[in-house]
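*Asks:* What follows is the file target14.tsv, containing TSV, C-alpha atoms:
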```
chain	number	residue	atom	x	y	z
A	213	MET	CA	35.30	104.72	140.78
A	214	SER	CA	33.64	101.65	142.31
A	215	GLN	CA	32.39	101.57	145.85
A	216	THR	CA	30.92	98.66	147.77
A	217	LEU	CA	27.73	99.65	149.54
A	218	ASP	CA	26.97	98.29	152.98
A	219	GLU	CA	23.61	98.27	154.75
A	220	THR	CA	24.20	101.72	156.25
A	221	ASP	CA	24.92	103.18	152.81
A	222	ARG	CA	21.74	101.55	151.51
A	223	ARG	CA	19.72	103.05	154.38
A	224	ILE	CA	21.18	106.47	153.57
A	225	LEU	CA	20.24	106.06	149.92
A	226	ALA	CA	16.71	104.94	150.79
A	227	VAL	CA	16.17	108.05	152.92
A	228	LEU	CA	17.70	110.43	150.37
A	229	GLN	CA	15.57	108.97	147.57
A	230	ARG	CA	12.47	109.85	149.59
A	231	ASP	CA	13.69	113.32	150.62
A	232	ALA	CA	17.01	114.77	149.47
A	233	THR	CA	16.30	117.96	151.43
A	234	ILE	CA	16.62	116.21	154.78
A	235	SER	CA	19.16	117.80	157.10
A	236	MET	CA	22.38	115.90	157.84
A	237	ASP	CA	21.37	115.83	161.52
A	238	ALA	CA	18.03	114.19	160.73
A	239	LEU	CA	19.61	111.79	158.23
A	240	SER	CA	22.30	110.70	160.66
A	241	GLU	CA	19.67	110.08	163.33
A	242	LEU	CA	17.55	107.95	160.97
A	243	VAL	CA	20.50	105.78	159.92
A	244	HIS	CA	22.07	105.62	163.40
A	245	LEU	CA	25.37	107.33	162.61
A	246	SER	CA	27.15	110.39	163.92
A	247	ARG	CA	26.61	113.49	161.81
A	248	ASN	CA	30.25	113.48	160.60
A	249	ALA	CA	30.23	109.79	159.70
A	250	CYS	CA	26.99	110.24	157.79
A	251	TRP	CA	28.31	113.31	155.97
A	252	ARG	CA	31.49	111.40	154.97
A	253	ARG	CA	29.44	108.53	153.54
A	254	VAL	CA	27.22	110.88	151.55
A	255	LYS	CA	30.29	112.71	150.19
A	256	GLN	CA	31.96	109.40	149.25
A	257	MET	CA	28.82	108.29	147.39
A	258	GLU	CA	28.69	111.64	145.57
A	259	GLU	CA	32.36	111.38	144.57
A	260	ALA	CA	31.88	107.78	143.43
A	261	GLY	CA	28.95	108.83	141.23
A	262	ILE	CA	26.46	106.72	143.18
A	263	LEU	CA	24.58	109.89	144.15
A	264	LYS	CA	24.32	111.55	140.75
A	265	ALA	CA	22.19	114.58	141.62
A	266	ARG	CA	19.76	116.01	144.13
A	267	VAL	CA	16.67	117.16	142.29
A	268	ALA	CA	13.13	118.35	142.87
A	269	LEU	CA	10.32	116.19	141.54
A	270	VAL	CA	7.67	118.41	139.97
A	271	ASP	CA	4.02	117.43	139.62
A	272	PRO	CA	3.44	117.26	135.83
A	273	ASP	CA	-0.19	118.36	136.25
A	274	ALA	CA	0.99	121.54	137.97
A	275	LEU	CA	2.87	122.41	134.76
A	276	GLY	CA	-0.04	121.44	132.52
A	277	LEU	CA	1.73	118.28	131.33
A	278	GLY	CA	-0.87	115.75	132.43
A	279	LEU	CA	-0.56	113.36	129.49
A	280	SER	CA	2.13	110.70	129.71
A	281	VAL	CA	2.90	108.82	126.49
A	282	PHE	CA	5.05	105.81	125.68
A	283	VAL	CA	6.28	106.04	122.09
A	284	MET	CA	7.48	102.82	120.48
A	285	ILE	CA	9.82	103.17	117.52
A	286	ARG	CA	11.17	100.75	114.94
A	287	THR	CA	13.79	101.99	112.54
A	288	ALA	CA	14.78	100.66	109.13
A	289	SER	CA	18.26	102.08	109.59
A	290	HIS	CA	20.92	101.13	112.10
A	291	GLU	CA	23.60	103.31	110.57
A	292	PRO	CA	25.74	105.61	112.76
A	293	ASP	CA	24.42	108.70	110.93
A	294	TRP	CA	20.80	107.77	111.75
A	295	LEU	CA	21.70	107.16	115.39
A	296	GLU	CA	23.42	110.55	115.62
A	297	ARG	CA	20.34	112.26	114.17
A	298	PHE	CA	18.05	110.32	116.50
A	299	GLU	CA	20.11	111.17	119.58
A	300	ALA	CA	20.20	114.83	118.55
A	301	ALA	CA	16.41	114.82	118.14
A	302	VAL	CA	15.93	113.17	121.54
A	303	LYS	CA	18.14	115.76	123.21
A	304	ALA	CA	16.47	118.67	121.40
A	305	LEU	CA	12.85	117.76	122.17
A	306	PRO	CA	12.11	118.65	125.80
A	307	GLU	CA	8.90	116.61	125.83
A	308	ILE	CA	11.05	113.46	125.84
A	309	ILE	CA	11.80	112.66	129.49
A	310	GLY	CA	13.22	109.19	128.84
A	311	ALA	CA	14.69	107.42	125.82
A	312	HIS	CA	15.72	103.78	125.78
A	313	ARG	CA	17.29	101.52	123.14
A	314	MET	CA	15.62	98.16	123.42
A	315	SER	CA	16.25	94.51	122.67
A	316	GLY	CA	13.53	92.47	121.00
A	317	ASP	CA	10.90	93.72	118.54
A	318	LEU	CA	11.20	97.42	119.35
A	319	ASP	CA	14.26	99.52	118.66
A	320	TYR	CA	13.45	102.45	120.98
A	321	VAL	CA	10.92	103.45	123.61
A	322	LEU	CA	10.44	107.09	124.52
A	323	ARG	CA	8.70	108.48	127.60
A	324	VAL	CA	7.02	111.72	126.64
A	325	ARG	CA	5.12	114.34	128.68
A	326	VAL	CA	2.67	116.68	126.97
A	327	ALA	CA	-0.50	118.58	127.82
A	328	SER	CA	-2.89	116.89	125.38
A	329	VAL	CA	-3.27	114.55	122.43
A	330	LYS	CA	-3.08	117.61	120.18
A	331	ASP	CA	0.26	118.52	121.77
A	332	TYR	CA	1.42	114.93	121.27
A	333	ASP	CA	0.60	115.25	117.56
A	334	ARG	CA	2.69	118.42	117.32
A	335	PHE	CA	5.54	116.61	119.10
A	336	TYR	CA	5.16	113.63	116.72
A	337	GLN	CA	5.37	115.91	113.67
A	338	ARG	CA	8.54	117.58	114.97
A	339	LEU	CA	10.13	114.20	115.74
A	340	ILE	CA	9.52	112.66	112.31
A	341	GLN	CA	10.75	115.84	110.60
A	342	ARG	CA	14.09	115.41	112.39
A	343	VAL	CA	14.63	111.69	111.88
A	344	PRO	CA	12.96	109.06	109.66
A	345	VAL	CA	11.44	106.02	111.38
A	346	ALA	CA	10.02	102.83	109.87
A	347	GLU	CA	7.21	102.47	112.43
A	348	ILE	CA	6.03	104.56	115.32
A	349	SER	CA	3.17	104.00	117.72
A	350	ALA	CA	2.05	105.62	120.92
A	351	SER	CA	0.30	104.41	124.04
A	352	PHE	CA	-1.31	107.00	126.27
A	353	VAL	CA	-1.14	106.37	130.01
A	354	MET	CA	-4.61	106.13	131.51
A	355	ASP	CA	-3.54	105.75	135.15
A	356	ASP	CA	-0.19	105.78	136.94
A	357	ILE	CA	-0.32	102.77	139.23
A	358	LYS	CA	3.30	103.22	140.23
A	359	ASP	CA	5.68	105.89	139.00
A	360	THR	CA	8.80	106.41	141.07
A	361	THR	CA	12.38	107.50	140.68
A	362	ALA	CA	13.47	105.56	143.78
A	363	LEU	CA	15.65	102.53	143.13
A	364	PRO	CA	15.40	99.49	145.38
A	365	THR	CA	18.10	99.59	148.02
```
Translate this structure into structure tokens?

*Replies:*
Amino acid sequence: MSQTLDETDRRILAVLQRDATISMDALSELVHLSRNACWRRVKQMEEAGILKARVALVDPDALGLGLSVFVMIRTASHEPDWLERFEAAVKALPEIIGAHRMSGDLDYVLRVRVASVKDYDRFYQRLIQRVPVAEISASFVMDDIKDTTALPT
């Protein structure tokens, strides 16, 4: 279902991306709508799939997952069977918090969260046991300059 977003919808989305726990009364006041009109717009965006979920963002350090890693993968195989095995591995390994098929020199980039380099090595071993790759390299994040889930509205 496709829905055209107007400026009011975009303001609602901007607020909800900052704080999805905000009350409908507070949200409607911030976007200058009645409570019922605001609620209807939020419901329409949920039904249209624009609002996919309301989640809590957890501090990775609080869970002991302070190391963020970007894993770059090149594969020698582009067969459907390999892709099925790769997708199954991605879904089975909870350390992978993002997986992207790429254009250009890389085939895939994974975003991985672990506690330490030693934990990354254990993750790496489990990944390559599940699916063969031609080349794999990792870059460890030294500093998060910007890391957000909020989309521009």

*Asks:* Which one of A:Gln215, A:Ser246, A:Thr233, A:Ser289 sits closest to Ala346 of chain A if you count only C-alpha atoms?

*Replies:*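 Looking at the shortest contact to Ala346 of chain A, the residue is A:Ser289.
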
*Asks:* Set the distance at 9 Å and use all atoms listed in the file: which residues neighbour Met236 of chain A once local chain neighbours fewer than 5 positions away are removed? I'd like the list as a list in words.

*Replies:* Glu241, Arg247, Asn248, Cys250 and Trp251 of chain A

*Asks:* With a cut-off of 9 Å, could you pull out the residues of segment 240-275 of chain A touching segment 325-335 of chain A and give me the nearest pair of atoms for each, distance in Å to one decimal, using only C-alpha atoms, ordered by chain and ascending number, as CSV?

*Replies:*
```
residue,atom,partner,partner_atom,distance
A:Pro272,CA,A:Arg325,CA,7.9
A:Asp273,CA,A:Ala327,CA,8.4
A:Leu275,CA,A:Ala327,CA,8.6
```

*Asks:* Please determine the residues with any atom at most 12 Å from (13.4, 92.7, 115.0) (coordinates as given in the file, with only C-alpha atoms counting) and report them as a PyMOL selection string.

*Replies:* chain A and resi 285-290+314-320+346-347

*Asks:* How many Å lie between atom CA of Leu363 of chain A and atom CA of Leu263 of chain A, rounded to one decimal?

*Replies:*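 Spanning atom CA of Leu363 of chain A to atom CA of Leu263 of chain A is a straight-line distance of 11.6 Å.
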
*Asks:* What's the separation between atom CA of Ile224 of chain A and atom CA of Leu269 of chain A, in Å to one decimal place?

*Replies:*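 So the answer is 18.9 Å.
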
*Asks:* Figure out the distance between atom CA of Arg266 of chain A and atom CA of Val281 of chain A, please, to one decimal in Å.

*Replies:*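 A separation of 25.4 Å between them.
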
*Asks:* Counting all atoms listed in the file, which residue out of A:Thr220, A:Gln229, A:Gln256, A:Ser349 sits closest to Val243 of chain A?

*Replies:*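 Residue with the minimum atom-to-atom distance to Val243 of chain A: A:Thr220.
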
*Asks:* Using only the atoms of segment 279-285 of chain A listed in the file, plus 8 Å on each side, state the axis-aligned box centre and edge lengths in Å rounded to one decimal, as lines of an AutoDock Vina configuration file.

*Replies:*
```
center_x = 4.6
center_y = 108.1
center_z = 123.6
size_x = 26.4
size_y = 26.5
size_z = 28.2
```

*Asks:* Given the choices A:Arg297, A:Arg313, A:Arg253, A:Arg222, which gets closest to Val283 of chain A if the distance is worked out from all atoms listed in the file?

*Replies:*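 Among the listed residues, the smallest separation from Val283 of chain A belongs to A:Arg313.
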
*Asks:* Would you please work out which residue, of A:Arg323, A:Arg230, A:His312, A:Arg223, is nearest to Val267 of chain A when using all atoms listed in the file?

*Replies:*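 Selected residue with least distance to Val267 of chain A: A:Arg230.
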
*Asks:* Give me segment 251-301 of chain A from this structure - N, CA and C atoms, as a PDB file, in the first residue's frame.

*Replies:*
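Output saved as selection12.pdb:
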```
ATOM      1  N   TRP A 251      -3.673  10.498  15.875  1.00  0.00           N
ATOM      2  CA  TRP A 251      -3.793   9.049  16.027  1.00  0.00           C
ATOM      3  C   TRP A 251      -4.137   8.388  14.690  1.00  0.00           C
ATOM      4  N   ARG A 252      -5.086   8.998  13.935  1.00  0.00           N
ATOM      5  CA  ARG A 252      -5.466   8.442  12.622  1.00  0.00           C
ATOM      6  C   ARG A 252      -4.261   8.403  11.683  1.00  0.00           C
ATOM      7  N   ARG A 253      -3.482   9.460  11.655  1.00  0.00           N
ATOM      8  CA  ARG A 253      -2.309   9.494  10.770  1.00  0.00           C
ATOM      9  C   ARG A 253      -1.283   8.427  11.160  1.00  0.00           C
ATOM     10  N   VAL A 254      -1.045   8.282  12.455  1.00  0.00           N
ATOM     11  CA  VAL A 254      -0.105   7.256  12.910  1.00  0.00           C
ATOM     12  C   VAL A 254      -0.615   5.878  12.511  1.00  0.00           C
ATOM     13  N   LYS A 255      -1.901   5.605  12.734  1.00  0.00           N
ATOM     14  CA  LYS A 255      -2.489   4.310  12.360  1.00  0.00           C
ATOM     15  C   LYS A 255      -2.373   4.066  10.854  1.00  0.00           C
ATOM     16  N   GLN A 256      -2.651   5.100  10.045  1.00  0.00           N
ATOM     17  CA  GLN A 256      -2.548   4.948   8.589  1.00  0.00           C
ATOM     18  C   GLN A 256      -1.114   4.619   8.186  1.00  0.00           C
ATOM     19  N   MET A 257      -0.145   5.267   8.816  1.00  0.00           N
ATOM     20  CA  MET A 257       1.257   4.991   8.480  1.00  0.00           C
ATOM     21  C   MET A 257       1.672   3.596   8.938  1.00  0.00           C
ATOM     22  N   GLU A 258       1.105   3.118  10.036  1.00  0.00           N
ATOM     23  CA  GLU A 258       1.373   1.739  10.466  1.00  0.00           C
ATOM     24  C   GLU A 258       0.772   0.756   9.461  1.00  0.00           C
ATOM     25  N   GLU A 259      -0.460   0.976   9.071  1.00  0.00           N
ATOM     26  CA  GLU A 259      -1.134   0.076   8.132  1.00  0.00           C
ATOM     27  C   GLU A 259      -0.463   0.084   6.761  1.00  0.00           C
ATOM     28  N   ALA A 260       0.083   1.221   6.366  1.00  0.00           N
ATOM     29  CA  ALA A 260       0.766   1.327   5.075  1.00  0.00           C
ATOM     30  C   ALA A 260       2.187   0.747   5.120  1.00  0.00           C
ATOM     31  N   GLY A 261       2.650   0.385   6.311  1.00  0.00           N
ATOM     32  CA  GLY A 261       4.002  -0.162   6.434  1.00  0.00           C
ATOM     33  C   GLY A 261       5.079   0.898   6.505  1.00  0.00           C
ATOM     34  N   ILE A 262       4.698   2.165   6.589  1.00  0.00           N
ATOM     35  CA  ILE A 262       5.684   3.240   6.720  1.00  0.00           C
ATOM     36  C   ILE A 262       6.310   3.182   8.109  1.00  0.00           C
ATOM     37  N   LEU A 263       5.480   3.025   9.121  1.00  0.00           N
ATOM     38  CA  LEU A 263       5.951   2.758  10.482  1.00  0.00           C
ATOM     39  C   LEU A 263       6.011   1.242  10.633  1.00  0.00           C
ATOM     40  N   LYS A 264       7.213   0.694  10.587  1.00  0.00           N
ATOM     41  CA  LYS A 264       7.383  -0.754  10.587  1.00  0.00           C
ATOM     42  C   LYS A 264       7.357  -1.352  11.980  1.00  0.00           C
ATOM     43  N   ALA A 265       7.877  -0.631  12.964  1.00  0.00           N
ATOM     44  CA  ALA A 265       7.943  -1.156  14.330  1.00  0.00           C
ATOM     45  C   ALA A 265       8.275  -0.020  15.280  1.00  0.00           C
ATOM     46  N   ARG A 266       7.964  -0.230  16.531  1.00  0.00           N
ATOM     47  CA  ARG A 266       8.375   0.692  17.591  1.00  0.00           C
ATOM     48  C   ARG A 266       9.279  -0.120  18.500  1.00  0.00           C
ATOM     49  N   VAL A 267      10.537   0.285  18.561  1.00  0.00           N
ATOM     50  CA  VAL A 267      11.545  -0.520  19.248  1.00  0.00           C
ATOM     51  C   VAL A 267      12.288   0.310  20.288  1.00  0.00           C
ATOM     52  N   ALA A 268      13.010  -0.384  21.143  1.00  0.00           N
ATOM     53  CA  ALA A 268      13.901   0.263  22.100  1.00  0.00           C
ATOM     54  C   ALA A 268      15.326   0.146  21.568  1.00  0.00           C
ATOM     55  N   LEU A 269      16.057   1.228  21.619  1.00  0.00           N
ATOM     56  CA  LEU A 269      17.462   1.216  21.216  1.00  0.00           C
ATOM     57  C   LEU A 269      18.299   0.970  22.463  1.00  0.00           C
ATOM     58  N   VAL A 270      19.074  -0.090  22.449  1.00  0.00           N
ATOM     59  CA  VAL A 270      19.853  -0.505  23.602  1.00  0.00           C
ATOM     60  C   VAL A 270      21.304  -0.086  23.406  1.00  0.00           C
ATOM     61  N   ASP A 271      21.906   0.419  24.467  1.00  0.00           N
ATOM     62  CA  ASP A 271      23.319   0.792  24.433  1.00  0.00           C
ATOM     63  C   ASP A 271      24.158  -0.486  24.338  1.00  0.00           C
ATOM     64  N   PRO A 272      24.912  -0.681  23.243  1.00  0.00           N
ATOM     65  CA  PRO A 272      25.690  -1.918  23.091  1.00  0.00           C
ATOM     66  C   PRO A 272      26.692  -2.129  24.234  1.00  0.00           C
ATOM     67  N   ASP A 273      27.271  -1.045  24.741  1.00  0.00           N
ATOM     68  CA  ASP A 273      28.228  -1.179  25.842  1.00  0.00           C
ATOM     69  C   ASP A 273      27.561  -1.760  27.084  1.00  0.00           C
ATOM     70  N   ALA A 274      26.296  -1.423  27.302  1.00  0.00           N
ATOM     71  CA  ALA A 274      25.576  -1.932  28.467  1.00  0.00           C
ATOM     72  C   ALA A 274      25.411  -3.450  28.394  1.00  0.00           C
ATOM     73  N   LEU A 275      25.439  -4.005  27.190  1.00  0.00           N
ATOM     74  CA  LEU A 275      25.339  -5.462  27.004  1.00  0.00           C
ATOM     75  C   LEU A 275      26.704  -6.110  26.807  1.00  0.00           C
ATOM     76  N   GLY A 276      27.767  -5.310  26.947  1.00  0.00           N
ATOM     77  CA  GLY A 276      29.106  -5.851  26.750  1.00  0.00           C
ATOM     78  C   GLY A 276      29.434  -6.095  25.294  1.00  0.00           C
ATOM     79  N   LEU A 277      28.796  -5.351  24.389  1.00  0.00           N
ATOM     80  CA  LEU A 277      29.034  -5.518  22.946  1.00  0.00           C
ATOM     81  C   LEU A 277      29.638  -4.238  22.378  1.00  0.00           C
ATOM     82  N   GLY A 278      30.740  -3.806  22.953  1.00  0.00           N
ATOM     83  CA  GLY A 278      31.333  -2.525  22.618  1.00  0.00           C
ATOM     84  C   GLY A 278      32.094  -2.463  21.314  1.00  0.00           C
ATOM     85  N   LEU A 279      32.348  -3.592  20.677  1.00  0.00           N
ATOM     86  CA  LEU A 279      33.125  -3.583  19.438  1.00  0.00           C
ATOM     87  C   LEU A 279      32.206  -3.709  18.230  1.00  0.00           C
ATOM     88  N   SER A 280      32.241  -2.688  17.383  1.00  0.00           N
ATOM     89  CA  SER A 280      31.475  -2.680  16.146  1.00  0.00           C
ATOM     90  C   SER A 280      32.434  -2.986  14.994  1.00  0.00           C
ATOM     91  N   VAL A 281      32.022  -3.899  14.124  1.00  0.00           N
ATOM     92  CA  VAL A 281      32.891  -4.370  13.045  1.00  0.00           C
ATOM     93  C   VAL A 281      32.132  -4.332  11.723  1.00  0.00           C
ATOM     94  N   PHE A 282      32.795  -3.821  10.694  1.00  0.00           N
ATOM     95  CA  PHE A 282      32.278  -3.931   9.331  1.00  0.00           C
ATOM     96  C   PHE A 282      33.057  -5.042   8.650  1.00  0.00           C
ATOM     97  N   VAL A 283      32.328  -6.041   8.155  1.00  0.00           N
ATOM     98  CA  VAL A 283      32.937  -7.205   7.527  1.00  0.00           C
ATOM     99  C   VAL A 283      32.628  -7.137   6.038  1.00  0.00           C
ATOM    100  N   MET A 284      33.693  -7.089   5.234  1.00  0.00           N
ATOM    101  CA  MET A 284      33.554  -7.008   3.786  1.00  0.00           C
ATOM    102  C   MET A 284      33.812  -8.393   3.186  1.00  0.00           C
ATOM    103  N   ILE A 285      32.891  -8.821   2.337  1.00  0.00           N
ATOM    104  CA  ILE A 285      32.958 -10.178   1.794  1.00  0.00           C
ATOM    105  C   ILE A 285      32.906 -10.132   0.273  1.00  0.00           C
ATOM    106  N   ARG A 286      33.783 -10.927  -0.328  1.00  0.00           N
ATOM    107  CA  ARG A 286      33.715 -11.227  -1.762  1.00  0.00           C
ATOM    108  C   ARG A 286      33.510 -12.729  -1.868  1.00  0.00           C
ATOM    109  N   THR A 287      32.631 -13.106  -2.779  1.00  0.00           N
ATOM    110  CA  THR A 287      32.372 -14.532  -2.972  1.00  0.00           C
ATOM    111  C   THR A 287      32.805 -14.943  -4.373  1.00  0.00           C
ATOM    112  N   ALA A 288      33.213 -16.191  -4.500  1.00  0.00           N
ATOM    113  CA  ALA A 288      33.550 -16.733  -5.818  1.00  0.00           C
ATOM    114  C   ALA A 288      32.322 -17.356  -6.462  1.00  0.00           C
ATOM    115  N   SER A 289      31.257 -17.479  -5.690  1.00  0.00           N
ATOM    116  CA  SER A 289      30.053 -18.136  -6.168  1.00  0.00           C
ATOM    117  C   SER A 289      28.876 -17.172  -6.118  1.00  0.00           C
ATOM    118  N   HIS A 290      28.091 -17.185  -7.180  1.00  0.00           N
ATOM    119  CA  HIS A 290      26.865 -16.391  -7.206  1.00  0.00           C
ATOM    120  C   HIS A 290      25.671 -17.303  -7.523  1.00  0.00           C
ATOM    121  N   GLU A 291      25.832 -18.556  -7.117  1.00  0.00           N
ATOM    122  CA  GLU A 291      24.798 -19.553  -7.358  1.00  0.00           C
ATOM    123  C   GLU A 291      23.692 -19.436  -6.314  1.00  0.00           C
ATOM    124  N   PRO A 292      22.463 -19.790  -6.665  1.00  0.00           N
ATOM    125  CA  PRO A 292      21.351 -19.728  -5.701  1.00  0.00           C
ATOM    126  C   PRO A 292      21.606 -20.522  -4.420  1.00  0.00           C
ATOM    127  N   ASP A 293      22.260 -21.684  -4.538  1.00  0.00           N
ATOM    128  CA  ASP A 293      22.536 -22.504  -3.355  1.00  0.00           C
ATOM    129  C   ASP A 293      23.458 -21.758  -2.387  1.00  0.00           C
ATOM    130  N   TRP A 294      24.484 -21.103  -2.913  1.00  0.00           N
ATOM    131  CA  TRP A 294      25.393 -20.335  -2.050  1.00  0.00           C
ATOM    132  C   TRP A 294      24.630 -19.214  -1.361  1.00  0.00           C
ATOM    133  N   LEU A 295      23.799 -18.510  -2.111  1.00  0.00           N
ATOM    134  CA  LEU A 295      23.038 -17.401  -1.543  1.00  0.00           C
ATOM    135  C   LEU A 295      22.107 -17.891  -0.433  1.00  0.00           C
ATOM    136  N   GLU A 296      21.466 -19.029  -0.633  1.00  0.00           N
ATOM    137  CA  GLU A 296      20.602 -19.587   0.412  1.00  0.00           C
ATOM    138  C   GLU A 296      21.397 -19.906   1.666  1.00  0.00           C
ATOM    139  N   ARG A 297      22.577 -20.496   1.502  1.00  0.00           N
ATOM    140  CA  ARG A 297      23.429 -20.816   2.654  1.00  0.00           C
ATOM    141  C   ARG A 297      23.903 -19.541   3.345  1.00  0.00           C
ATOM    142  N   PHE A 298      24.254 -18.532   2.556  1.00  0.00           N
ATOM    143  CA  PHE A 298      24.718 -17.269   3.126  1.00  0.00           C
ATOM    144  C   PHE A 298      23.595 -16.600   3.912  1.00  0.00           C
ATOM    145  N   GLU A 299      22.408 -16.522   3.320  1.00  0.00           N
ATOM    146  CA  GLU A 299      21.275 -15.908   4.017  1.00  0.00           C
ATOM    147  C   GLU A 299      20.927 -16.664   5.287  1.00  0.00           C
ATOM    148  N   ALA A 300      21.009 -17.982   5.258  1.00  0.00           N
ATOM    149  CA  ALA A 300      20.748 -18.780   6.460  1.00  0.00           C
ATOM    150  C   ALA A 300      21.793 -18.480   7.538  1.00  0.00           C
ATOM    151  N   ALA A 301      23.053 -18.356   7.128  1.00  0.00           N
ATOM    152  CA  ALA A 301      24.113 -18.031   8.093  1.00  0.00           C
ATOM    153  C   ALA A 301      23.890 -16.654   8.694  1.00  0.00           C
TER     154      ALA A 301
END
```
